[in-house]
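Asks: Below is a structure I'd like to ask you about.
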Amino acid sequence: MDIKIEKKPWYIRYRYYMVAALAFIIFLVYVISLSLGPRKLRIETDNIQIAEVKNDKFMEYVDVEGLVQPILTIKVNTREAGSVERIVGEEGNMMKQGDTLLILTNPDLIRSIEDQRDEWEKQRITYKEKEIEMEQKSLTLKQQTLQTQYEMERLRKSFGLDKEEFKMGIKSKAELQVSEDEYEYKLKNTALQMESLKHDSSVTLIRKELLRNDLERESKKLRRAEERLENLIVKVPTGGQLSFVKVTPGQQVASGESIAEIKVLDQYKIHTSLSEYYIDRITTGLPATVNYQGKRYPLKITKVVPEVKDRMFDVDLVFTGEMPENVRVGKSFRVQIELGQPEQAIVIPRGNFYQSTGGQWIYKINSSKNKAVKVPLTIGRQNPLQYEITEGLQPGEFVVVTGYDTFGDAEELILK
């Protein structure tokens, strides 16, 4: 006899398929929820740098590299043309003011000065001859003056005698009148002679003075010409290190040509270049420091070159106090130029997040410190160590400041 087999319900028969389908649907929902929700990334905290947001002192400054240069570099120029006969100073030597650098020779100049000396000698002899001539004339004038004065005195006495004889009746009135007329005539004539003698004497003195001035003027010309010979010996204008000499023996040089350079090493300056971004904020007198071997050395800006080249401009600084012991020309130091006084501000340390986010956002860590999420922020000023936060963060919060090149587009970081 056949046994009737009951047919199982469909949900019993297909229960395995239903479980598999349900598991697939749950997995699909999970995948869709992950794709629609924020992207998360698990990160080891040892691989990132976490920093605290602080309310701390913030000072804006620029950190640049500067090169030590001499405080002053002087170019040595020739004052006369000529050919280089001998070079005395050697490159790198320390020179004192007035030391001989090199010797030039100029035959044409020597001949010209010798001709001028001969001409001056001729003029000097001519002056001596004219001086003797004028001295003789002066003696003659003095003799004539003396003779005229004697004649005047003799006439005065003769006329006086004539008046006495007239009173005594020896001479008539007519004779006295003739004597008086003669006396008056000779008196006036003598006065004119005296005036002429005075004039001749004054002219002689003026001529002598003019001749003396001419001779002195020619003498000065000769001295100036002889000084040109001294200029053929090129001397150092100030003490310092002879950095280079760019002429060789036998070379012809022109007047005023630059032939050498002296570095004044009594003091040093630091030369650096800054981005044009700071050109409106960098002025002479701004303080700066050099940190070397744990010690700070103060400086100040003494020169700002306003010309911008390749988006940079040049700045010179000098030490205002003690200098590092090993300062040498060409040595480099890190220089911090202060752009203001320290101020209280909300700050975070610098990190590579700025390069990745442009300073627009950052990962902020939650209170449990197991997750970090993106938050927007606004960065104000910055220095080589800090960023000033104007919006988005508060003191006491923690943020991730490094590792952004490995985070991709993750919205959340799961910290392990």
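If you're wondering about the labels, chains in the structure tokens are A, B, ... by order shown, residues count from 1 in each chain, ligands from 1 in order shown.
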I'd like the neighbourhood of range 350-356 of chain A as a ChimeraX atom specification, where a residue qualifies if any of its atoms comes within 12 Å (using only C-alpha atoms), though same-chain residues fewer than 4 positions away should be ignored.

Replies: /A:48-53,360-364,374,377-379,381-389,399-409

Asks: Could those selected residues go to a file with N, CA and C atoms, as a JSON list (two decimals), in the first residue's frame?

Replies:
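Printed below is out-v8.json as written:
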[["chain", "number", "residue", "atom", "x", "y", "z"],
["A", 48, "ILE", "N", 50.58, 60.37, 12.87],
["A", 48, "ILE", "CA", 50.14, 61.75, 12.67],
["A", 48, "ILE", "C", 50.58, 62.60, 13.86],
["A", 49, "GLN", "N", 50.49, 63.90, 13.68],
["A", 49, "GLN", "CA", 50.83, 64.83, 14.76],
["A", 49, "GLN", "C", 49.56, 65.55, 15.19],
["A", 50, "ILE", "N", 49.29, 65.44, 16.49],
["A", 50, "ILE", "CA", 48.11, 66.09, 17.06],
["A", 50, "ILE", "C", 48.58, 67.29, 17.88],
["A", 51, "ALA", "N", 47.90, 68.42, 17.69],
["A", 51, "ALA", "CA", 48.31, 69.64, 18.39],
["A", 51, "ALA", "C", 47.11, 70.26, 19.10],
["A", 52, "GLU", "N", 47.42, 70.94, 20.20],
["A", 52, "GLU", "CA", 46.38, 71.61, 20.97],
["A", 52, "GLU", "C", 46.23, 73.05, 20.49],
["A", 53, "VAL", "N", 44.98, 73.48, 20.41],
["A", 53, "VAL", "CA", 44.69, 74.89, 20.09],
["A", 53, "VAL", "C", 44.90, 75.70, 21.36],
["A", 360, "GLN", "N", 41.72, 76.16, 4.57],
["A", 360, "GLN", "CA", 40.25, 76.32, 4.56],
["A", 360, "GLN", "C", 39.57, 75.41, 5.59],
["A", 361, "TRP", "N", 40.18, 74.28, 5.91],
["A", 361, "TRP", "CA", 39.58, 73.35, 6.87],
["A", 361, "TRP", "C", 40.67, 72.53, 7.53],
["A", 362, "ILE", "N", 40.27, 71.79, 8.60],
["A", 362, "ILE", "CA", 41.21, 70.96, 9.35],
["A", 362, "ILE", "C", 40.43, 69.86, 10.05],
["A", 363, "TYR", "N", 41.10, 68.75, 10.39],
["A", 363, "TYR", "CA", 40.46, 67.68, 11.17],
["A", 363, "TYR", "C", 40.53, 68.03, 12.65],
["A", 364, "LYS", "N", 39.33, 68.16, 13.27],
["A", 364, "LYS", "CA", 39.26, 68.44, 14.70],
["A", 364, "LYS", "C", 38.88, 67.15, 15.44],
["A", 374, "LYS", "N", 36.19, 66.82, 9.72],
["A", 374, "LYS", "CA", 36.54, 68.07, 9.05],
["A", 374, "LYS", "C", 35.73, 69.22, 9.63],
["A", 377, "LEU", "N", 37.80, 76.50, 8.96],
["A", 377, "LEU", "CA", 38.50, 77.47, 9.81],
["A", 377, "LEU", "C", 39.04, 78.59, 8.94],
["A", 378, "THR", "N", 39.39, 79.68, 9.61],
["A", 378, "THR", "CA", 39.97, 80.85, 8.93],
["A", 378, "THR", "C", 41.30, 81.17, 9.59],
["A", 379, "ILE", "N", 42.35, 81.24, 8.77],
["A", 379, "ILE", "CA", 43.70, 81.54, 9.25],
["A", 379, "ILE", "C", 44.03, 82.99, 8.94],
["A", 381, "ARG", "N", 47.17, 85.71, 10.42],
["A", 381, "ARG", "CA", 48.61, 85.87, 10.22],
["A", 381, "ARG", "C", 49.35, 84.55, 10.48],
["A", 382, "GLN", "N", 50.60, 84.51, 10.09],
["A", 382, "GLN", "CA", 51.41, 83.31, 10.30],
["A", 382, "GLN", "C", 52.87, 83.70, 10.46],
["A", 383, "ASN", "N", 53.60, 82.85, 11.14],
["A", 383, "ASN", "CA", 55.05, 82.98, 11.22],
["A", 383, "ASN", "C", 55.63, 81.59, 11.00],
["A", 384, "PRO", "N", 56.94, 81.44, 10.99],
["A", 384, "PRO", "CA", 57.50, 80.11, 10.68],
["A", 384, "PRO", "C", 57.14, 79.01, 11.65],
["A", 385, "LEU", "N", 56.53, 79.33, 12.82],
["A", 385, "LEU", "CA", 56.18, 78.30, 13.80],
["A", 385, "LEU", "C", 54.69, 78.16, 14.02],
["A", 386, "GLN", "N", 53.91, 79.20, 13.76],
["A", 386, "GLN", "CA", 52.50, 79.21, 14.17],
["A", 386, "GLN", "C", 51.60, 79.78, 13.07],
["A", 387, "TYR", "N", 50.30, 79.37, 13.19],
["A", 387, "TYR", "CA", 49.23, 80.01, 12.44],
["A", 387, "TYR", "C", 48.29, 80.69, 13.43],
["A", 388, "GLU", "N", 47.83, 81.86, 13.10],
["A", 388, "GLU", "CA", 46.83, 82.53, 13.92],
["A", 388, "GLU", "C", 45.44, 82.12, 13.41],
["A", 389, "ILE", "N", 44.58, 81.61, 14.34],
["A", 389, "ILE", "CA", 43.23, 81.17, 13.98],
["A", 389, "ILE", "C", 42.24, 82.28, 14.35],
["A", 399, "VAL", "N", 43.61, 69.24, 17.23],
["A", 399, "VAL", "CA", 43.46, 69.09, 15.78],
["A", 399, "VAL", "C", 44.61, 68.25, 15.26],
["A", 400, "VAL", "N", 44.41, 67.69, 14.06],
["A", 400, "VAL", "CA", 45.45, 66.94, 13.35],
["A", 400, "VAL", "C", 46.13, 67.91, 12.40],
["A", 401, "VAL", "N", 47.48, 68.05, 12.51],
["A", 401, "VAL", "CA", 48.19, 69.04, 11.70],
["A", 401, "VAL", "C", 49.10, 68.42, 10.65],
["A", 402, "THR", "N", 49.30, 67.08, 10.68],
["A", 402, "THR", "CA", 50.16, 66.44, 9.67],
["A", 402, "THR", "C", 49.50, 65.20, 9.13],
["A", 403, "GLY", "N", 50.10, 64.67, 8.04],
["A", 403, "GLY", "CA", 49.63, 63.42, 7.46],
["A", 403, "GLY", "C", 48.56, 63.59, 6.41],
["A", 404, "TYR", "N", 48.24, 64.79, 6.02],
["A", 404, "TYR", "CA", 47.12, 65.03, 5.11],
["A", 404, "TYR", "C", 47.36, 64.48, 3.72],
["A", 405, "ASP", "N", 48.61, 64.25, 3.35],
["A", 405, "ASP", "CA", 48.88, 63.70, 2.03],
["A", 405, "ASP", "C", 48.47, 62.24, 1.92],
["A", 406, "THR", "N", 48.11, 61.59, 3.05],
["A", 406, "THR", "CA", 47.69, 60.18, 3.02],
["A", 406, "THR", "C", 46.21, 60.01, 3.33],
["A", 407, "PHE", "N", 45.49, 61.10, 3.64],
["A", 407, "PHE", "CA", 44.09, 60.97, 4.06],
["A", 407, "PHE", "C", 43.12, 60.91, 2.88],
["A", 408, "GLY", "N", 43.56, 61.32, 1.72],
["A", 408, "GLY", "CA", 42.66, 61.32, 0.58],
["A", 408, "GLY", "C", 41.49, 62.26, 0.81],
["A", 409, "ASP", "N", 40.25, 61.78, 0.46],
["A", 409, "ASP", "CA", 39.06, 62.61, 0.63],
["A", 409, "ASP", "C", 38.20, 62.14, 1.82]]

Asks: Please, which residues in range 60-96 of chain A fall within 12 Å of range 227-230 of chain A when counting only C-alpha atoms, and what is the closest atom pair and distance in Å to one decimal for each, ordered by chain then residue number, as CSV?

Replies:
residue,atom,partner,partner_atom,distance
A:Thr78,CA,A:Arg228,CA,11.1
A:Arg79,CA,A:Arg228,CA,8.1
A:Glu80,CA,A:Arg228,CA,7.0
A:Ala81,CA,A:Arg228,CA,10.0
A:Gly82,CA,A:Leu229,CA,10.7

Asks: Create the file for the chosen residues now, containing N, CA and C atoms and written as a CSV table (one decimal), in the first residue's frame.

Replies:
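part_19.csv, written as the output of this step:
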chain,number,residue,atom,x,y,z
A,78,THR,N,91.8,104.6,-10.5
A,78,THR,CA,93.0,105.3,-10.9
A,78,THR,C,92.7,106.8,-11.1
A,79,ARG,N,93.6,107.7,-10.7
A,79,ARG,CA,93.4,109.1,-10.9
A,79,ARG,C,94.1,109.6,-12.1
A,80,GLU,N,95.1,108.8,-12.7
A,80,GLU,CA,95.8,109.2,-13.9
A,80,GLU,C,95.9,107.9,-14.8
A,81,ALA,N,95.9,108.2,-16.1
A,81,ALA,CA,96.1,107.1,-17.0
A,81,ALA,C,97.5,106.7,-17.1
A,82,GLY,N,97.8,105.5,-17.5
A,82,GLY,CA,99.1,105.0,-17.6
A,82,GLY,C,99.2,103.5,-17.8

Asks: Which residue is closest to Ser201 in chain A? Choose from A:Ile170, A:Ile25, A:Leu139, A:Ile346 and count only C-alpha atoms.

Replies: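 That would be A:Leu139, the residue with the smallest distance to Ser201 in chain A.
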
Asks: Show me, as a ChimeraX atom specification, the residues that have an atom within 8 Å of Trp120 in chain A when counting only C-alpha atoms, minus same-chain residues fewer than 3 positions from it.

Replies: /A:116-117,123-124,215,218-219,222

Asks: With N, CA, C and O atoms retained, could you export that selection as an mmCIF file, in the first residue's frame?

Replies:
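For reference, part_23.cif as written:
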data_model
loop_
_atom_site.group_PDB
_atom_site.id
_atom_site.type_symbol
_atom_site.label_atom_id
_atom_site.label_comp_id
_atom_site.auth_asym_id
_atom_site.auth_seq_id
_atom_site.Cartn_x
_atom_site.Cartn_y
_atom_site.Cartn_z
ATOM 1 N N GLN A 116 106.389 121.996 -18.579
ATOM 2 C CA GLN A 116 105.737 123.009 -17.759
ATOM 3 C C GLN A 116 106.691 123.563 -16.708
ATOM 4 O O GLN A 116 106.674 124.764 -16.406
ATOM 5 N N ARG A 117 107.559 122.702 -16.187
ATOM 6 C CA ARG A 117 108.553 123.161 -15.213
ATOM 7 C C ARG A 117 109.549 124.117 -15.876
ATOM 8 O O ARG A 117 109.930 125.143 -15.292
ATOM 9 N N GLN A 123 109.550 131.905 -16.712
ATOM 10 C CA GLN A 123 108.714 132.975 -16.177
ATOM 11 C C GLN A 123 109.301 133.507 -14.869
ATOM 12 O O GLN A 123 109.226 134.707 -14.589
ATOM 13 N N ARG A 124 109.885 132.633 -14.089
ATOM 14 C CA ARG A 124 110.484 133.077 -12.834
ATOM 15 C C ARG A 124 111.674 134.018 -13.100
ATOM 16 O O ARG A 124 111.842 135.047 -12.430
ATOM 17 N N LEU A 215 103.222 134.863 -11.125
ATOM 18 C CA LEU A 215 104.217 133.852 -10.803
ATOM 19 C C LEU A 215 103.674 132.828 -9.811
ATOM 20 O O LEU A 215 103.924 131.626 -9.943
ATOM 21 N N GLU A 218 101.320 130.466 -11.674
ATOM 22 C CA GLU A 218 102.077 129.470 -12.442
ATOM 23 C C GLU A 218 102.724 128.450 -11.519
ATOM 24 O O GLU A 218 102.835 127.262 -11.867
ATOM 25 N N SER A 219 103.143 128.915 -10.343
ATOM 26 C CA SER A 219 103.743 127.986 -9.381
ATOM 27 C C SER A 219 102.710 126.953 -8.913
ATOM 28 O O SER A 219 103.030 125.758 -8.771
ATOM 29 N N LEU A 222 102.208 124.394 -11.549
ATOM 30 C CA LEU A 222 103.305 123.432 -11.564
ATOM 31 C C LEU A 222 103.159 122.420 -10.426
ATOM 32 O O LEU A 222 103.386 121.220 -10.615
#

Asks: Under the rule that only C-alpha atoms are counted, which of A:Phe166, A:Ser368, A:Ala288, A:Arg311 is the nearest residue to Gly66 in chain A?

Replies: A:Ala288

Asks: If we count only C-alpha atoms, what is near Glu411 in chain A at a cut-off of 8 Å, once residues fewer than 2 positions away on the same chain are taken out, given as a PDB file with all heavy atoms, in the first residue's frame?

Replies:
ATOM      1  N   PRO A  38      29.306  59.550   5.249  1.00  0.00           N
ATOM      2  CA  PRO A  38      30.662  60.102   5.217  1.00  0.00           C
ATOM      3  C   PRO A  38      31.706  58.992   5.112  1.00  0.00           C
ATOM      4  O   PRO A  38      31.572  57.944   5.723  1.00  0.00           O
ATOM      5  CB  PRO A  38      30.775  60.854   6.545  1.00  0.00           C
ATOM      6  CG  PRO A  38      29.772  60.214   7.444  1.00  0.00           C
ATOM      7  CD  PRO A  38      28.644  59.778   6.554  1.00  0.00           C
ATOM      8  N   ARG A  39      32.790  59.322   4.299  1.00  0.00           N
ATOM      9  CA  ARG A  39      33.854  58.352   4.122  1.00  0.00           C
ATOM     10  C   ARG A  39      34.767  58.385   5.337  1.00  0.00           C
ATOM     11  O   ARG A  39      35.214  59.448   5.756  1.00  0.00           O
ATOM     12  CB  ARG A  39      34.643  58.657   2.856  1.00  0.00           C
ATOM     13  CG  ARG A  39      35.689  57.608   2.544  1.00  0.00           C
ATOM     14  CD  ARG A  39      36.326  57.860   1.191  1.00  0.00           C
ATOM     15  NE  ARG A  39      37.322  56.842   0.904  1.00  0.00           N
ATOM     16  CZ  ARG A  39      38.580  56.874   1.310  1.00  0.00           C
ATOM     17  NH1 ARG A  39      38.987  57.889   2.052  1.00  0.00           N
ATOM     18  NH2 ARG A  39      39.427  55.910   1.014  1.00  0.00           N
ATOM     19  N   LYS A  40      35.064  57.242   5.890  1.00  0.00           N
ATOM     20  CA  LYS A  40      35.880  57.134   7.090  1.00  0.00           C
ATOM     21  C   LYS A  40      37.186  56.442   6.769  1.00  0.00           C
ATOM     22  O   LYS A  40      37.268  55.638   5.843  1.00  0.00           O
ATOM     23  CB  LYS A  40      35.130  56.367   8.186  1.00  0.00           C
ATOM     24  CG  LYS A  40      33.828  57.031   8.603  1.00  0.00           C
ATOM     25  CD  LYS A  40      33.116  56.230   9.665  1.00  0.00           C
ATOM     26  CE  LYS A  40      31.796  56.894  10.057  1.00  0.00           C
ATOM     27  NZ  LYS A  40      31.084  56.116  11.103  1.00  0.00           N
ATOM     28  N   VAL A 373      37.003  64.930  12.697  1.00  0.00           N
ATOM     29  CA  VAL A 373      36.122  65.296  11.578  1.00  0.00           C
ATOM     30  C   VAL A 373      36.578  66.628  10.992  1.00  0.00           C
ATOM     31  O   VAL A 373      37.225  67.449  11.648  1.00  0.00           O
ATOM     32  CB  VAL A 373      34.651  65.389  12.036  1.00  0.00           C
ATOM     33  CG1 VAL A 373      34.148  64.037  12.504  1.00  0.00           C
ATOM     34  CG2 VAL A 373      34.493  66.427  13.134  1.00  0.00           C
ATOM     35  N   LYS A 374      36.195  66.817   9.722  1.00  0.00           N
ATOM     36  CA  LYS A 374      36.543  68.069   9.048  1.00  0.00           C
ATOM     37  C   LYS A 374      35.728  69.224   9.630  1.00  0.00           C
ATOM     38  O   LYS A 374      34.516  69.104   9.818  1.00  0.00           O
ATOM     39  CB  LYS A 374      36.239  67.969   7.555  1.00  0.00           C
ATOM     40  CG  LYS A 374      37.245  67.191   6.750  1.00  0.00           C
ATOM     41  CD  LYS A 374      36.870  67.276   5.266  1.00  0.00           C
ATOM     42  CE  LYS A 374      37.876  66.538   4.400  1.00  0.00           C
ATOM     43  NZ  LYS A 374      37.505  66.642   2.960  1.00  0.00           N
ATOM     44  N   ASP A 409      40.253  61.777   0.465  1.00  0.00           N
ATOM     45  CA  ASP A 409      39.059  62.606   0.632  1.00  0.00           C
ATOM     46  C   ASP A 409      38.204  62.142   1.816  1.00  0.00           C
ATOM     47  O   ASP A 409      36.991  62.340   1.844  1.00  0.00           O
ATOM     48  CB  ASP A 409      38.226  62.600  -0.646  1.00  0.00           C
ATOM     49  CG  ASP A 409      37.816  61.190  -1.065  1.00  0.00           C
ATOM     50  OD1 ASP A 409      38.317  60.227  -0.434  1.00  0.00           O
ATOM     51  OD2 ASP A 409      37.023  61.050  -1.993  1.00  0.00           O
ATOM     52  N   LEU A 413      38.219  60.645  10.429  1.00  0.00           N
ATOM     53  CA  LEU A 413      39.376  59.806  10.742  1.00  0.00           C
ATOM     54  C   LEU A 413      39.056  59.034  12.019  1.00  0.00           C
ATOM     55  O   LEU A 413      38.703  59.634  13.043  1.00  0.00           O
ATOM     56  CB  LEU A 413      40.632  60.660  10.936  1.00  0.00           C
ATOM     57  CG  LEU A 413      41.085  61.539   9.768  1.00  0.00           C
ATOM     58  CD1 LEU A 413      42.330  62.326  10.169  1.00  0.00           C
ATOM     59  CD2 LEU A 413      41.338  60.719   8.523  1.00  0.00           C
TER      60      LEU A 413
END

Asks: Residues within 12 Å of Arg328 in chain A, please, as a PDB file with N, CA, C and O atoms, in the first residue's frame. Count only C-alpha atoms; anything in the same chain fewer than 3 positions from it doesn't count.

Replies:
ATOM      1  N   LEU A  67      73.436  86.309   4.254  1.00  0.00           N
ATOM      2  CA  LEU A  67      74.874  86.113   4.071  1.00  0.00           C
ATOM      3  C   LEU A  67      75.633  87.279   4.688  1.00  0.00           C
ATOM      4  O   LEU A  67      75.244  88.435   4.537  1.00  0.00           O
ATOM      5  N   VAL A  68      76.718  86.972   5.370  1.00  0.00           N
ATOM      6  CA  VAL A  68      77.558  88.001   5.973  1.00  0.00           C
ATOM      7  C   VAL A  68      78.374  88.696   4.882  1.00  0.00           C
ATOM      8  O   VAL A  68      79.001  88.027   4.049  1.00  0.00           O
ATOM      9  N   GLN A  69      78.342  90.016   4.893  1.00  0.00           N
ATOM     10  CA  GLN A  69      79.116  90.824   3.956  1.00  0.00           C
ATOM     11  C   GLN A  69      79.851  91.912   4.726  1.00  0.00           C
ATOM     12  O   GLN A  69      79.442  92.271   5.835  1.00  0.00           O
ATOM     13  N   PRO A  70      80.916  92.460   4.175  1.00  0.00           N
ATOM     14  CA  PRO A  70      81.587  93.585   4.847  1.00  0.00           C
ATOM     15  C   PRO A  70      80.652  94.784   4.912  1.00  0.00           C
ATOM     16  O   PRO A  70      79.815  94.977   4.025  1.00  0.00           O
ATOM     17  N   ILE A  71      80.805  95.596   5.969  1.00  0.00           N
ATOM     18  CA  ILE A  71      79.930  96.748   6.147  1.00  0.00           C
ATOM     19  C   ILE A  71      80.080  97.735   5.000  1.00  0.00           C
ATOM     20  O   ILE A  71      79.146  98.443   4.648  1.00  0.00           O
ATOM     21  N   LEU A 265      86.501  95.687   7.063  1.00  0.00           N
ATOM     22  CA  LEU A 265      86.091  94.598   7.957  1.00  0.00           C
ATOM     23  C   LEU A 265      85.996  95.038   9.411  1.00  0.00           C
ATOM     24  O   LEU A 265      86.006  94.210  10.315  1.00  0.00           O
ATOM     25  N   ASP A 266      85.902  96.363   9.646  1.00  0.00           N
ATOM     26  CA  ASP A 266      85.720  96.824  11.026  1.00  0.00           C
ATOM     27  C   ASP A 266      84.371  96.378  11.576  1.00  0.00           C
ATOM     28  O   ASP A 266      84.195  96.205  12.776  1.00  0.00           O
ATOM     29  N   GLN A 267      83.393  96.221  10.696  1.00  0.00           N
ATOM     30  CA  GLN A 267      82.063  95.784  11.087  1.00  0.00           C
ATOM     31  C   GLN A 267      81.472  94.994   9.924  1.00  0.00           C
ATOM     32  O   GLN A 267      81.941  95.100   8.786  1.00  0.00           O
ATOM     33  N   TYR A 268      80.454  94.178  10.226  1.00  0.00           N
ATOM     34  CA  TYR A 268      79.839  93.353   9.195  1.00  0.00           C
ATOM     35  C   TYR A 268      78.358  93.684   9.072  1.00  0.00           C
ATOM     36  O   TYR A 268      77.738  94.238   9.982  1.00  0.00           O
ATOM     37  N   LYS A 269      77.798  93.336   7.924  1.00  0.00           N
ATOM     38  CA  LYS A 269      76.358  93.422   7.730  1.00  0.00           C
ATOM     39  C   LYS A 269      75.868  92.079   7.201  1.00  0.00           C
ATOM     40  O   LYS A 269      76.656  91.262   6.712  1.00  0.00           O
ATOM     41  N   ILE A 270      74.567  91.853   7.309  1.00  0.00           N
ATOM     42  CA  ILE A 270      73.959  90.634   6.779  1.00  0.00           C
ATOM     43  C   ILE A 270      73.026  91.043   5.654  1.00  0.00           C
ATOM     44  O   ILE A 270      72.145  91.892   5.832  1.00  0.00           O
ATOM     45  N   MET A 323      78.456  90.318  18.444  1.00  0.00           N
ATOM     46  CA  MET A 323      78.372  89.491  17.251  1.00  0.00           C
ATOM     47  C   MET A 323      78.862  88.077  17.570  1.00  0.00           C
ATOM     48  O   MET A 323      79.655  87.893  18.495  1.00  0.00           O
ATOM     49  N   PRO A 324      78.405  87.073  16.819  1.00  0.00           N
ATOM     50  CA  PRO A 324      78.969  85.730  16.987  1.00  0.00           C
ATOM     51  C   PRO A 324      80.471  85.750  16.738  1.00  0.00           C
ATOM     52  O   PRO A 324      80.979  86.518  15.918  1.00  0.00           O
ATOM     53  N   GLU A 325      81.195  84.900  17.443  1.00  0.00           N
ATOM     54  CA  GLU A 325      82.655  84.921  17.361  1.00  0.00           C
ATOM     55  C   GLU A 325      83.181  84.501  15.994  1.00  0.00           C
ATOM     56  O   GLU A 325      84.228  84.960  15.561  1.00  0.00           O
ATOM     57  N   LYS A 331      79.651  83.684   5.266  1.00  0.00           N
ATOM     58  CA  LYS A 331      78.968  82.734   6.151  1.00  0.00           C
ATOM     59  C   LYS A 331      77.482  83.079   6.191  1.00  0.00           C
ATOM     60  O   LYS A 331      77.090  84.246   6.124  1.00  0.00           O
ATOM     61  N   SER A 332      76.636  82.078   6.304  1.00  0.00           N
ATOM     62  CA  SER A 332      75.187  82.294   6.324  1.00  0.00           C
ATOM     63  C   SER A 332      74.634  82.104   7.733  1.00  0.00           C
ATOM     64  O   SER A 332      75.139  81.278   8.510  1.00  0.00           O
ATOM     65  N   PHE A 333      73.600  82.874   8.067  1.00  0.00           N
ATOM     66  CA  PHE A 333      72.887  82.780   9.339  1.00  0.00           C
ATOM     67  C   PHE A 333      71.384  82.842   9.066  1.00  0.00           C
ATOM     68  O   PHE A 333      70.946  83.478   8.103  1.00  0.00           O
TER      69      PHE A 333
END

Asks: Just list as a PyMOL selection string whatever in range 189-246 of chain A DSSP marks as strand (DSSP E).

Replies: chain A and resi 233-235+240-245

Asks: Put those residues in a file: N, CA and C atoms, as a PDB file, in the first residue's frame.

Replies:
ATOM      1  N   ILE A 233     101.323 106.719  -8.444  1.00  0.00           N
ATOM      2  CA  ILE A 233     101.447 105.715  -7.378  1.00  0.00           C
ATOM      3  C   ILE A 233     100.060 105.571  -6.752  1.00  0.00           C
ATOM      4  N   VAL A 234      99.355 104.493  -7.067  1.00  0.00           N
ATOM      5  CA  VAL A 234      97.989 104.273  -6.595  1.00  0.00           C
ATOM      6  C   VAL A 234      98.045 103.743  -5.165  1.00  0.00           C
ATOM      7  N   LYS A 235      97.399 104.475  -4.253  1.00  0.00           N
ATOM      8  CA  LYS A 235      97.423 104.102  -2.838  1.00  0.00           C
ATOM      9  C   LYS A 235      96.026 103.715  -2.359  1.00  0.00           C
ATOM     10  N   GLY A 240      91.608  97.984   5.088  1.00  0.00           N
ATOM     11  CA  GLY A 240      90.699  96.868   4.865  1.00  0.00           C
ATOM     12  C   GLY A 240      91.409  95.735   4.153  1.00  0.00           C
ATOM     13  N   GLN A 241      90.613  94.765   3.711  1.00  0.00           N
ATOM     14  CA  GLN A 241      91.159  93.599   3.006  1.00  0.00           C
ATOM     15  C   GLN A 241      91.079  93.833   1.504  1.00  0.00           C
ATOM     16  N   LEU A 242      92.202  93.649   0.832  1.00  0.00           N
ATOM     17  CA  LEU A 242      92.242  93.781  -0.622  1.00  0.00           C
ATOM     18  C   LEU A 242      91.615  92.527  -1.220  1.00  0.00           C
ATOM     19  N   SER A 243      90.393  92.677  -1.724  1.00  0.00           N
ATOM     20  CA  SER A 243      89.679  91.490  -2.192  1.00  0.00           C
ATOM     21  C   SER A 243      90.124  91.045  -3.574  1.00  0.00           C
ATOM     22  N   PHE A 244      90.432  91.991  -4.461  1.00  0.00           N
ATOM     23  CA  PHE A 244      90.950  91.601  -5.768  1.00  0.00           C
ATOM     24  C   PHE A 244      91.610  92.795  -6.444  1.00  0.00           C
ATOM     25  N   VAL A 245      92.533  92.481  -7.365  1.00  0.00           N
ATOM     26  CA  VAL A 245      93.163  93.471  -8.251  1.00  0.00           C
ATOM     27  C   VAL A 245      92.975  92.951  -9.669  1.00  0.00           C
TER      28      VAL A 245
END

Asks: Quick one: pull the distance between CA of Asn366 in chain A and CA of Leu393 in chain A, Å, one decimal.

Replies: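 The value is 12.3 Å.
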
Asks: Could you pull out the alpha helix (DSSP H) residues of range 161-407 of chain A, going by DSSP on the backbone, and write them as a PyMOL selection string?

Replies: chain A and resi 161-168+173-230+353-357

Asks: When distances are computed from only C-alpha atoms, which of A:Leu161, A:Met134, A:Val290, A:Val347 shows the smallest separation from Thr320 in chain A?

Replies: A:Val290

Asks: Suppose you want the space between CA of Glu391 in chain A and CA of Pro342 in chain A; what is it in Å?

Replies: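 Answer for the CA of Glu391 in chain A to CA of Pro342 in chain A separation: 19.9 Å.
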
Asks: As a PyMOL selection string, please: the residues near Lys75 in chain A (cut-off 9 Å, only C-alpha atoms, same-chain neighbours under 2 positions excluded).

Replies: chain A and resi 73+77+258-263

Asks: Calculate how many Å separate CA of Ser367 in chain A from CA of Arg42 in chain A, rounding to one decimal.

Replies: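 So the two atoms, CA of Ser367 in chain A and CA of Arg42 in chain A, lie 17.5 Å apart.
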
Asks: Between A:Ile43, A:Val76, A:Val329, A:Leu187, which one has atoms that come closest to Val236 in chain A, using only C-alpha atoms?

Replies: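 Using only C-alpha atoms, the shortest distance to Val236 in chain A belongs to A:Val76.
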